[in-house]
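Reviewing the structure listed below.
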Amino acid sequence: MDVALHLAKRAFDAGEVPVGALILSPERYIVAQAFNQMEQLQNPTAHAELLALAQACKKLNQKRLVGYTLVVNLEPCPMCAAAAMHYRVDRIVFGAYDSKGGGTEHGACVFSHRQSLHRPEIIGGVREQESQNLIKKFFQKVRTTSCQFLP
């Protein structure tokens with residue numbers, strides 16, 4: 001989670017929602033890492049999880065990540081949870097819960113549906129407070145900055 005939080009801070013500094021993700025091999029070494037780049041790439045699907053998952057498969061020259069772990073500082077949204085399902089990751093470890101936009105423990109609860117193609121182990125709340133604080137700080141900054149331009 002240290003690396004995910006470090007990546008989230010890089011996203012914050014780049015003006016992106018502070019989310020960082022990494023892929024761990026079955027032996028627990030980092031295969032890929034990324035942070036949100038939606039603003040930079042002008043792509044609403046450029047979430048940290050999707051970038052890291054794609055990067056890992058490209059690096060490993062394979063289309064599935066069986067045995068691998070997705071680590072992210074925020075509960076994955078439904079899109080990222082569905083992607084993790086299709087990549088067949090064995091485990092998702094995340095920091096802060098996302099009661100509004102989450103897709104594993106909240107909202108769509110992607111893996112709870114009987115149509116779910118794959119059900120990874122889910123471990124939430126790892127260093128939750130640190131992740132929550134970073135995300136709150138980011139949105140406070142955004143609100144403060146955007147309020148300065150109001151007439």
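In the structure tokens, each chain is lettered A, B, ... as it comes, each chain's residues begin at 1, and ligands are numbered from 1 in order of appearance.
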Using DSSP on the backbone coordinates, identify the residues of region 3-150 of chain A assigned to alpha helix (DSSP H); present them as an MDAnalysis selection string.
chainID A and resid 3:13 38:41 48:60 78:87 128:147
Which residues come within 10 Å of region 75-83 of chain A, counting only C-alpha atoms, excluding same-chain residues fewer than 6 positions away, as a PyMOL selection string?
chain A and resi 19+21+45+47-51+53-54+89+92-111+116-118+120+122-125+128
Quick one: everything within 8 Å of Arg88 (chain A), counting only C-alpha atoms, minus sequence neighbours fewer than 3 positions away in the same chain. Send it as a ChimeraX atom specification.
/A:64-66,84-85,118,120
Restrict the selected residues to N, CA, C and O atoms and save them as a CSV table (one decimal), in the first residue's frame.
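Listed below is the output, out_2.csv:
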chain,number,residue,atom,x,y,z
A,64,ARG,N,-4.4,-12.6,-19.1
A,64,ARG,CA,-5.0,-12.8,-17.8
A,64,ARG,C,-3.9,-12.6,-16.7
A,64,ARG,O,-2.7,-12.8,-17.0
A,65,LEU,N,-4.4,-12.3,-15.5
A,65,LEU,CA,-3.5,-12.1,-14.4
A,65,LEU,C,-3.8,-13.1,-13.3
A,65,LEU,O,-3.9,-12.7,-12.1
A,66,VAL,N,-4.0,-14.3,-13.6
A,66,VAL,CA,-4.4,-15.3,-12.6
A,66,VAL,C,-3.2,-15.4,-11.6
A,66,VAL,O,-2.0,-15.6,-12.0
A,84,ALA,N,-11.0,-5.9,-13.5
A,84,ALA,CA,-10.3,-6.9,-12.7
A,84,ALA,C,-10.9,-8.3,-12.8
A,84,ALA,O,-10.1,-9.3,-12.8
A,85,MET,N,-12.2,-8.3,-12.9
A,85,MET,CA,-12.9,-9.6,-13.1
A,85,MET,C,-12.4,-10.2,-14.4
A,85,MET,O,-12.1,-11.4,-14.4
A,118,HIS,N,-16.0,-14.1,-12.3
A,118,HIS,CA,-14.9,-14.5,-11.4
A,118,HIS,C,-15.0,-13.7,-10.1
A,118,HIS,O,-15.5,-12.5,-10.2
A,120,PRO,N,-12.7,-12.5,-7.1
A,120,PRO,CA,-11.4,-12.4,-6.4
A,120,PRO,C,-11.6,-12.2,-4.9
A,120,PRO,O,-12.7,-11.8,-4.5
Surrounding residues of region 130-136 of chain A excluding itself and chain neighbours under 2 positions, 8 Å, only C-alpha atoms, as a compact mmCIF listing (two decimals) with N, CA, C and O atoms, in the first residue's frame:
# COMPACT_ATOMS: atom_id res chain seq x y z
N LEU A 5 -0.06 4.51 -2.30
CA LEU A 5 -0.21 5.85 -1.73
C LEU A 5 0.79 6.83 -2.35
O LEU A 5 0.44 7.99 -2.62
N LYS A 9 -0.21 10.18 -4.46
CA LYS A 9 0.33 11.52 -4.23
C LYS A 9 0.87 12.12 -5.52
O LYS A 9 0.74 13.33 -5.75
N VAL A 17 -7.35 13.06 -9.67
CA VAL A 17 -7.91 12.45 -8.46
C VAL A 17 -6.86 11.48 -7.94
O VAL A 17 -6.33 10.65 -8.69
N PRO A 18 -6.49 11.58 -6.66
CA PRO A 18 -5.34 10.82 -6.14
C PRO A 18 -5.61 9.34 -5.92
O PRO A 18 -5.93 8.89 -4.83
N ASN A 73 -5.37 2.42 -3.64
CA ASN A 73 -5.66 3.13 -2.39
C ASN A 73 -7.14 3.49 -2.23
O ASN A 73 -7.53 3.96 -1.18
N LEU A 74 -7.96 3.27 -3.25
CA LEU A 74 -9.39 3.55 -3.17
C LEU A 74 -10.17 2.38 -3.74
O LEU A 74 -9.75 1.78 -4.74
N GLY A 95 -7.51 0.61 -0.07
CA GLY A 95 -7.43 1.43 1.13
C GLY A 95 -8.79 1.95 1.55
O GLY A 95 -9.53 1.30 2.28
N ALA A 96 -9.16 3.12 1.04
CA ALA A 96 -10.40 3.78 1.45
C ALA A 96 -11.62 3.16 0.76
O ALA A 96 -11.56 2.81 -0.42
N ARG A 127 -4.89 0.76 5.44
CA ARG A 127 -4.42 2.15 5.57
C ARG A 127 -5.49 3.12 5.07
O ARG A 127 -5.22 4.09 4.37
N GLU A 128 -6.70 2.79 5.46
CA GLU A 128 -7.89 3.53 5.02
C GLU A 128 -7.81 5.02 5.31
O GLU A 128 -8.12 5.85 4.45
N PHE A 138 -7.65 16.53 -1.64
CA PHE A 138 -7.73 16.85 -3.06
C PHE A 138 -9.04 17.56 -3.40
O PHE A 138 -9.04 18.61 -4.05
N PHE A 139 -10.17 17.01 -2.94
CA PHE A 139 -11.45 17.62 -3.29
C PHE A 139 -11.68 18.94 -2.57
O PHE A 139 -12.34 19.83 -3.11
N GLN A 140 -11.10 19.11 -1.39
CA GLN A 140 -11.16 20.43 -0.74
C GLN A 140 -10.41 21.46 -1.58
O GLN A 140 -10.87 22.59 -1.77
Please report the interatomic distance between CA of Thr69 (chain A) and CA of Ala8 (chain A) in Å with one decimal.
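Taking CA of Thr69 (chain A) as the start and CA of Ala8 (chain A) as the end point, the length is 17.7 Å.
Candidate residues A:Val126, A:Ala56, A:Ala11, A:Thr144 were compared for distance to Tyr29 (chain A), and the nearest is A:Ala56, using only C-alpha atoms.
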